[in-house]
Amino acid sequence: MELLRNAVRPYAWGSRTTIPELLGRQVPAPHPEAELWMGAHPGDPSRILGPDGDERTLLELVEADPLGQLGRECAEHWGNRLPFLLKILAVEEPLSMQAHPSAEQSAEGYAREEAAGIPRDAPNRNYPDPTAKPELVCALTEFHALAGFRKPERTVELLRAIETPGLAKYTELLAAQPDSNGLRALFTTWITLPQPVLDELLPEVLDACVLHVKDHGEFDVECRTILELGEAHPRDAGVLAALLLNRLTLSAGEAIYLPAGNLHLYLHGTAVEILANSDNILRCGLTPKHVDVPELLRVVDFTCADMPILRGEPSACGEVYTTDAPEFELSRCEWDAGETGAVRVGNGKPQILLCTQGSVRVKAESGQELELRRGQSMWVPASDPAVAVHPAEAGRTQLFRATSGCL
């Protein structure tokens, strides 16, 4: 087991305080810091400092010894790749609205773009790799998001609450067909509106949202979100599309799972995210980056329902957030002040341990012991026997464990 040194991604939507404070650095940072990456992603792999002072990446370590690092089952199934990436997200401003393809869609799209000769780092490339990208996000602070299509009947109520002359025909389009097909029709209509039409409709909708907020209407939170997005992206069809999605507020410890096709947008807050080790993203809007509407429509799942909130199920490693993703599994362990009991982690799979509060002592059967302080993470290869994790301080302690999922 080895401590990791991880890369920070400085995207514009990030926070200048969250990640620096977590890592014990000077606050505020000179630039926004959005994501802390832990894993073997080729774009920014974690680094390991060896006992003799030499440093190498986790990617190099896995490539040199895939069976020892990943375990036979994981290595053979995932082509000697670590299948997951663990992150800290520090969301200060909304991200782009996006969806991720399934394994089949990714493989087909990758082969198609390879045959077309599109460079893998080209800005118009949709599929830089042939793998799916499911993800799960677990809140560390109150975390705000839009995810999944709201029940159409409820969306009709929202649209009627802010109805304007220009919006009425779209409201009735969904009211006449309040199902997945109706949502597809309305979503497609909105994101393909000619810009002059959008430039007339969007200000109407934003003005109606202002009035609804002033009147303390039933959809106050949803309207405030639309106004925030409209201010940041004043001529973007994604603002209209946001009216169709579930508006979620997660408390610390709550999570949402985003399988293939789920249209989503993170708004604000700090979270731990685990996802498949892939870069395949289809964007809907609210971004200056490439948007491919026909391809997006092939990928988006228009199933409409309340978005399930995961709170973790008891397991030997604390609470586990159960999903159907074969690439990953995320668990959370917590100790209240004064608790001293150990948790044993290790199942013949690769693991990353991340301490987000307090500190822990990690002891291997070999006698090796490492302290993991807040903001630090550790690599535990599949070949290591189970390790015992103890809280190292008297105060409250929190640890996340990322590993590969069930195949």
# chains A, B, ... in the order shown; residues from 1 in each chain; ligands from 1

$ select_by_dssp --residues "stretch 286-329 of chain A" --states "strand (DSSP E)" --output "list in words"
Glu313, Pro314, Ser315, Gly318, Glu319, Val320, Tyr321 and Glu329 of chain A

$ write_last_selection --atoms "C-alpha atoms" --output "mmCIF file, in the first residue's frame"
data_model
loop_
_atom_site.group_PDB
_atom_site.id
_atom_site.type_symbol
_atom_site.label_atom_id
_atom_site.label_comp_id
_atom_site.auth_asym_id
_atom_site.auth_seq_id
_atom_site.Cartn_x
_atom_site.Cartn_y
_atom_site.Cartn_z
ATOM 1 C CA GLU A 313 -26.465 0.178 2.782
ATOM 2 C CA PRO A 314 -24.649 -1.438 5.731
ATOM 3 C CA SER A 315 -21.655 -3.552 4.738
ATOM 4 C CA GLY A 318 -19.155 0.842 6.395
ATOM 5 C CA GLU A 319 -21.954 1.831 4.036
ATOM 6 C CA VAL A 320 -21.873 0.844 0.378
ATOM 7 C CA TYR A 321 -23.644 2.706 -2.433
ATOM 8 C CA GLU A 329 -18.070 0.389 -6.049
#

$ residues_around --residues "A:Leu136" --least-positions-apart "6" --cutoff "8 Å" --atoms "only C-alpha atoms" --output "VMD selection string"
chain A and resid 255 to 258 273 to 275

$ write_last_selection --atoms "N, CA, C and O atoms" --output "compact mmCIF listing (two decimals), in the first residue's frame"
# COMPACT_ATOMS: atom_id res chain seq x y z
N ALA A 255 -26.23 10.30 -2.10
CA ALA A 255 -25.60 10.12 -3.40
C ALA A 255 -26.64 9.92 -4.49
O ALA A 255 -27.79 9.55 -4.22
N ILE A 256 -26.23 10.17 -5.72
CA ILE A 256 -27.04 9.82 -6.89
C ILE A 256 -26.15 9.05 -7.87
O ILE A 256 -24.96 9.31 -8.00
N TYR A 257 -26.77 8.09 -8.52
CA TYR A 257 -26.09 7.26 -9.52
C TYR A 257 -26.60 7.66 -10.89
O TYR A 257 -27.80 7.77 -11.11
N LEU A 258 -25.67 7.90 -11.82
CA LEU A 258 -26.00 8.38 -13.15
C LEU A 258 -25.57 7.34 -14.17
O LEU A 258 -24.43 7.30 -14.61
N GLU A 273 -16.76 11.83 -6.20
CA GLU A 273 -17.33 11.22 -7.39
C GLU A 273 -16.50 10.01 -7.78
O GLU A 273 -15.27 10.06 -7.77
N ILE A 274 -17.18 8.92 -8.13
CA ILE A 274 -16.50 7.77 -8.70
C ILE A 274 -17.14 7.49 -10.04
O ILE A 274 -18.36 7.57 -10.20
N LEU A 275 -16.31 7.19 -11.03
CA LEU A 275 -16.82 7.00 -12.39
C LEU A 275 -15.94 6.01 -13.12
O LEU A 275 -14.81 5.71 -12.72

$ select_by_dssp --residues "stretch 81-274 of chain A" --states "helix (DSSP H, G or I)" --output "number ranges by chain"
A: 103-115, 152-161, 168-176, 180-191, 195-214, 220-232, 238-244

$ closest_atom_pairs --of "stretch 145-219 of chain A" --to "stretch 291-299 of chain A" --cutoff "9 Å" --atoms "only C-alpha atoms" --output "CSV"
residue,atom,partner,partner_atom,distance
A:Arg184,CA,A:Leu297,CA,8.5
A:Thr188,CA,A:Leu297,CA,7.7
A:Ile191,CA,A:Val293,CA,7.8
A:Thr192,CA,A:Val293,CA,7.9

$ write_last_selection --atoms "N, CA, C and O atoms" --output "PDB file, in the first residue's frame"
ATOM      1  N   ARG A 184     -39.288  13.503 -25.194  1.00  0.00           N
ATOM      2  CA  ARG A 184     -38.344  13.494 -26.310  1.00  0.00           C
ATOM      3  C   ARG A 184     -38.719  14.554 -27.339  1.00  0.00           C
ATOM      4  O   ARG A 184     -37.850  15.291 -27.843  1.00  0.00           O
ATOM      5  N   THR A 188     -36.317  17.732 -27.959  1.00  0.00           N
ATOM      6  CA  THR A 188     -35.744  17.872 -29.302  1.00  0.00           C
ATOM      7  C   THR A 188     -36.136  19.204 -29.925  1.00  0.00           C
ATOM      8  O   THR A 188     -35.309  19.880 -30.561  1.00  0.00           O
ATOM      9  N   ILE A 191     -34.034  22.108 -28.114  1.00  0.00           N
ATOM     10  CA  ILE A 191     -32.589  22.229 -28.343  1.00  0.00           C
ATOM     11  C   ILE A 191     -32.254  22.419 -29.823  1.00  0.00           C
ATOM     12  O   ILE A 191     -31.085  22.643 -30.168  1.00  0.00           O
ATOM     13  N   THR A 192     -33.273  22.368 -30.685  1.00  0.00           N
ATOM     14  CA  THR A 192     -33.036  22.641 -32.115  1.00  0.00           C
ATOM     15  C   THR A 192     -33.745  23.916 -32.574  1.00  0.00           C
ATOM     16  O   THR A 192     -33.853  24.171 -33.775  1.00  0.00           O
TER      17      THR A 192
END

$ residues_around --residues "A:Met307" --least-positions-apart "4" --cutoff "10 Å" --atoms "only C-alpha atoms" --output "PDB file with N, CA, C and O atoms, in the first residue's frame"
ATOM      1  N   LEU A 146     -29.047  18.950 -11.198  1.00  0.00           N
ATOM      2  CA  LEU A 146     -30.181  18.571 -12.027  1.00  0.00           C
ATOM      3  C   LEU A 146     -29.846  17.197 -12.601  1.00  0.00           C
ATOM      4  O   LEU A 146     -28.747  17.000 -13.128  1.00  0.00           O
ATOM      5  N   ALA A 147     -30.787  16.258 -12.512  1.00  0.00           N
ATOM      6  CA  ALA A 147     -30.474  14.908 -12.995  1.00  0.00           C
ATOM      7  C   ALA A 147     -31.749  14.141 -13.328  1.00  0.00           C
ATOM      8  O   ALA A 147     -32.664  14.053 -12.497  1.00  0.00           O
ATOM      9  N   GLY A 148     -31.783  13.590 -14.521  1.00  0.00           N
ATOM     10  CA  GLY A 148     -32.913  12.765 -14.932  1.00  0.00           C
ATOM     11  C   GLY A 148     -34.148  13.594 -15.227  1.00  0.00           C
ATOM     12  O   GLY A 148     -34.345  14.682 -14.670  1.00  0.00           O
ATOM     13  N   PHE A 149     -35.002  13.085 -16.098  1.00  0.00           N
ATOM     14  CA  PHE A 149     -36.209  13.819 -16.470  1.00  0.00           C
ATOM     15  C   PHE A 149     -37.289  13.679 -15.416  1.00  0.00           C
ATOM     16  O   PHE A 149     -37.627  12.575 -14.984  1.00  0.00           O
ATOM     17  N   ARG A 150     -37.822  14.826 -14.999  1.00  0.00           N
ATOM     18  CA  ARG A 150     -38.929  14.872 -14.055  1.00  0.00           C
ATOM     19  C   ARG A 150     -40.174  14.221 -14.668  1.00  0.00           C
ATOM     20  O   ARG A 150     -40.319  14.162 -15.892  1.00  0.00           O
ATOM     21  N   LYS A 151     -41.056  13.727 -13.822  1.00  0.00           N
ATOM     22  CA  LYS A 151     -42.324  13.182 -14.316  1.00  0.00           C
ATOM     23  C   LYS A 151     -43.029  14.251 -15.158  1.00  0.00           C
ATOM     24  O   LYS A 151     -43.153  15.405 -14.722  1.00  0.00           O
ATOM     25  N   LEU A 245     -35.725  18.744 -16.023  1.00  0.00           N
ATOM     26  CA  LEU A 245     -34.956  17.825 -15.182  1.00  0.00           C
ATOM     27  C   LEU A 245     -35.318  17.947 -13.702  1.00  0.00           C
ATOM     28  O   LEU A 245     -35.751  19.009 -13.234  1.00  0.00           O
ATOM     29  N   ASN A 246     -35.118  16.857 -12.970  1.00  0.00           N
ATOM     30  CA  ASN A 246     -35.303  16.862 -11.521  1.00  0.00           C
ATOM     31  C   ASN A 246     -34.280  17.789 -10.868  1.00  0.00           C
ATOM     32  O   ASN A 246     -33.083  17.704 -11.147  1.00  0.00           O
ATOM     33  N   ARG A 247     -34.755  18.662  -9.992  1.00  0.00           N
ATOM     34  CA  ARG A 247     -33.876  19.562  -9.223  1.00  0.00           C
ATOM     35  C   ARG A 247     -33.619  18.923  -7.868  1.00  0.00           C
ATOM     36  O   ARG A 247     -34.547  18.692  -7.084  1.00  0.00           O
ATOM     37  N   LEU A 248     -32.353  18.598  -7.581  1.00  0.00           N
ATOM     38  CA  LEU A 248     -32.000  17.819  -6.402  1.00  0.00           C
ATOM     39  C   LEU A 248     -31.110  18.609  -5.459  1.00  0.00           C
ATOM     40  O   LEU A 248     -30.226  19.349  -5.891  1.00  0.00           O
ATOM     41  N   ILE A 256     -26.230  10.167  -5.725  1.00  0.00           N
ATOM     42  CA  ILE A 256     -27.036   9.822  -6.887  1.00  0.00           C
ATOM     43  C   ILE A 256     -26.151   9.048  -7.866  1.00  0.00           C
ATOM     44  O   ILE A 256     -24.957   9.314  -7.996  1.00  0.00           O
ATOM     45  N   TYR A 257     -26.773   8.087  -8.521  1.00  0.00           N
ATOM     46  CA  TYR A 257     -26.093   7.264  -9.520  1.00  0.00           C
ATOM     47  C   TYR A 257     -26.598   7.662 -10.893  1.00  0.00           C
ATOM     48  O   TYR A 257     -27.802   7.768 -11.114  1.00  0.00           O
ATOM     49  N   LEU A 258     -25.668   7.897 -11.819  1.00  0.00           N
ATOM     50  CA  LEU A 258     -26.003   8.381 -13.146  1.00  0.00           C
ATOM     51  C   LEU A 258     -25.572   7.335 -14.175  1.00  0.00           C
ATOM     52  O   LEU A 258     -24.431   7.303 -14.610  1.00  0.00           O
TER      53      LEU A 258
END

$ residues_around --residues "A:Gly375" --least-positions-apart "2" --cutoff "8 Å" --atoms "only C-alpha atoms" --output "number ranges by chain"
A: 22-24, 354-357, 373, 377

$ write_last_selection --atoms "all heavy atoms" --output "mmCIF file, in the first residue's frame"
data_model
loop_
_atom_site.group_PDB
_atom_site.id
_atom_site.type_symbol
_atom_site.label_atom_id
_atom_site.label_comp_id
_atom_site.auth_asym_id
_atom_site.auth_seq_id
_atom_site.Cartn_x
_atom_site.Cartn_y
_atom_site.Cartn_z
ATOM 1 N N LEU A 22 -8.763 21.493 1.737
ATOM 2 C CA LEU A 22 -8.733 20.053 1.985
ATOM 3 C C LEU A 22 -7.301 19.526 2.023
ATOM 4 O O LEU A 22 -6.957 18.667 2.844
ATOM 5 C CB LEU A 22 -9.531 19.319 0.902
ATOM 6 C CG LEU A 22 -9.576 17.796 0.984
ATOM 7 C CD1 LEU A 22 -10.428 17.349 2.157
ATOM 8 C CD2 LEU A 22 -10.107 17.194 -0.316
ATOM 9 N N LEU A 23 -6.444 20.070 1.153
ATOM 10 C CA LEU A 23 -5.065 19.604 1.052
ATOM 11 C C LEU A 23 -4.105 20.350 1.965
ATOM 12 O O LEU A 23 -2.902 20.083 1.959
ATOM 13 C CB LEU A 23 -4.588 19.722 -0.403
ATOM 14 C CG LEU A 23 -5.375 18.902 -1.439
ATOM 15 C CD1 LEU A 23 -4.796 19.117 -2.825
ATOM 16 C CD2 LEU A 23 -5.387 17.422 -1.083
ATOM 17 N N GLY A 24 -4.620 21.323 2.726
ATOM 18 C CA GLY A 24 -3.764 22.061 3.650
ATOM 19 C C GLY A 24 -2.860 23.071 2.978
ATOM 20 O O GLY A 24 -1.798 23.417 3.516
ATOM 21 N N LEU A 354 -9.566 7.067 0.637
ATOM 22 C CA LEU A 354 -9.525 8.530 0.688
ATOM 23 C C LEU A 354 -10.067 9.002 2.027
ATOM 24 O O LEU A 354 -11.215 8.700 2.376
ATOM 25 C CB LEU A 354 -10.360 9.121 -0.459
ATOM 26 C CG LEU A 354 -10.694 10.611 -0.367
ATOM 27 C CD1 LEU A 354 -9.446 11.472 -0.489
ATOM 28 C CD2 LEU A 354 -11.734 10.991 -1.440
ATOM 29 N N CYS A 355 -9.265 9.750 2.776
ATOM 30 C CA CYS A 355 -9.710 10.315 4.049
ATOM 31 C C CYS A 355 -10.234 11.728 3.813
ATOM 32 O O CYS A 355 -9.521 12.573 3.268
ATOM 33 C CB CYS A 355 -8.558 10.343 5.046
ATOM 34 S SG CYS A 355 -9.040 10.932 6.686
ATOM 35 N N THR A 356 -11.457 11.988 4.218
ATOM 36 C CA THR A 356 -12.065 13.302 4.011
ATOM 37 C C THR A 356 -12.318 14.055 5.317
ATOM 38 O O THR A 356 -12.719 15.214 5.287
ATOM 39 C CB THR A 356 -13.395 13.168 3.244
ATOM 40 O OG1 THR A 356 -14.223 12.199 3.898
ATOM 41 C CG2 THR A 356 -13.146 12.727 1.807
ATOM 42 N N GLN A 357 -12.093 13.376 6.438
ATOM 43 C CA GLN A 357 -12.265 14.047 7.733
ATOM 44 C C GLN A 357 -11.440 13.299 8.776
ATOM 45 O O GLN A 357 -11.415 12.059 8.789
ATOM 46 C CB GLN A 357 -13.748 14.076 8.134
ATOM 47 C CG GLN A 357 -14.052 14.968 9.327
ATOM 48 C CD GLN A 357 -15.552 15.121 9.544
ATOM 49 O OE1 GLN A 357 -16.358 14.624 8.786
ATOM 50 N NE2 GLN A 357 -15.919 15.826 10.609
ATOM 51 N N ARG A 373 -4.096 11.161 6.449
ATOM 52 C CA ARG A 373 -4.696 12.378 6.993
ATOM 53 C C ARG A 373 -5.741 12.941 6.032
ATOM 54 O O ARG A 373 -5.822 12.537 4.871
ATOM 55 C CB ARG A 373 -3.612 13.422 7.266
ATOM 56 C CG ARG A 373 -2.573 12.970 8.298
ATOM 57 C CD ARG A 373 -1.667 14.120 8.694
ATOM 58 N NE ARG A 373 -0.918 14.623 7.546
ATOM 59 C CZ ARG A 373 0.230 14.126 7.129
ATOM 60 N NH1 ARG A 373 0.772 13.082 7.744
ATOM 61 N NH2 ARG A 373 0.856 14.657 6.091
ATOM 62 N N SER A 377 -4.875 10.207 0.117
ATOM 63 C CA SER A 377 -5.421 8.963 -0.415
ATOM 64 C C SER A 377 -4.324 7.929 -0.528
ATOM 65 O O SER A 377 -3.127 8.254 -0.514
ATOM 66 C CB SER A 377 -6.090 9.196 -1.770
ATOM 67 O OG SER A 377 -5.170 9.739 -2.695
#

$ closest_atom_pairs --of "stretch 62-105 of chain A" --to "stretch 230-242 of chain A" --cutoff "12 Å" --atoms "only C-alpha atoms" --output "CSV"
residue,atom,partner,partner_atom,distance
A:Glu93,CA,A:Ala232,CA,9.2
A:Pro94,CA,A:Ala232,CA,8.9
A:Leu95,CA,A:Ala232,CA,10.8
A:Ser96,CA,A:Gly238,CA,8.8
A:Met97,CA,A:Gly238,CA,7.1
A:Gln98,CA,A:Gly238,CA,9.9

$ atom_distance --atom1 "atom CA of A:Leu407" --atom2 "atom CA of A:Thr323"
11.9 Å

$ closest_residue --among "A:Arg112, A:Lys289, A:Lys133, A:His216" --to "A:Gly261" --atoms "only C-alpha atoms"
A:Lys133

$ atom_distance --atom1 "atom CA of A:Thr164" --atom2 "atom CA of A:Leu243"
14.2 Å

$ residues_around --residues "A:Ala90" --least-positions-apart "5" --cutoff "10 Å" --atoms "only C-alpha atoms" --output "list in words"
Tyr11, Trp13, Gly14, Ser15, Arg16, Thr17, Thr18, Ile19, Pro32, Glu33, Ala34, Glu35, Leu36, Leu140, Thr141, Phe143, His268, Gly269, Thr270, Ala271 and Val272 of chain A
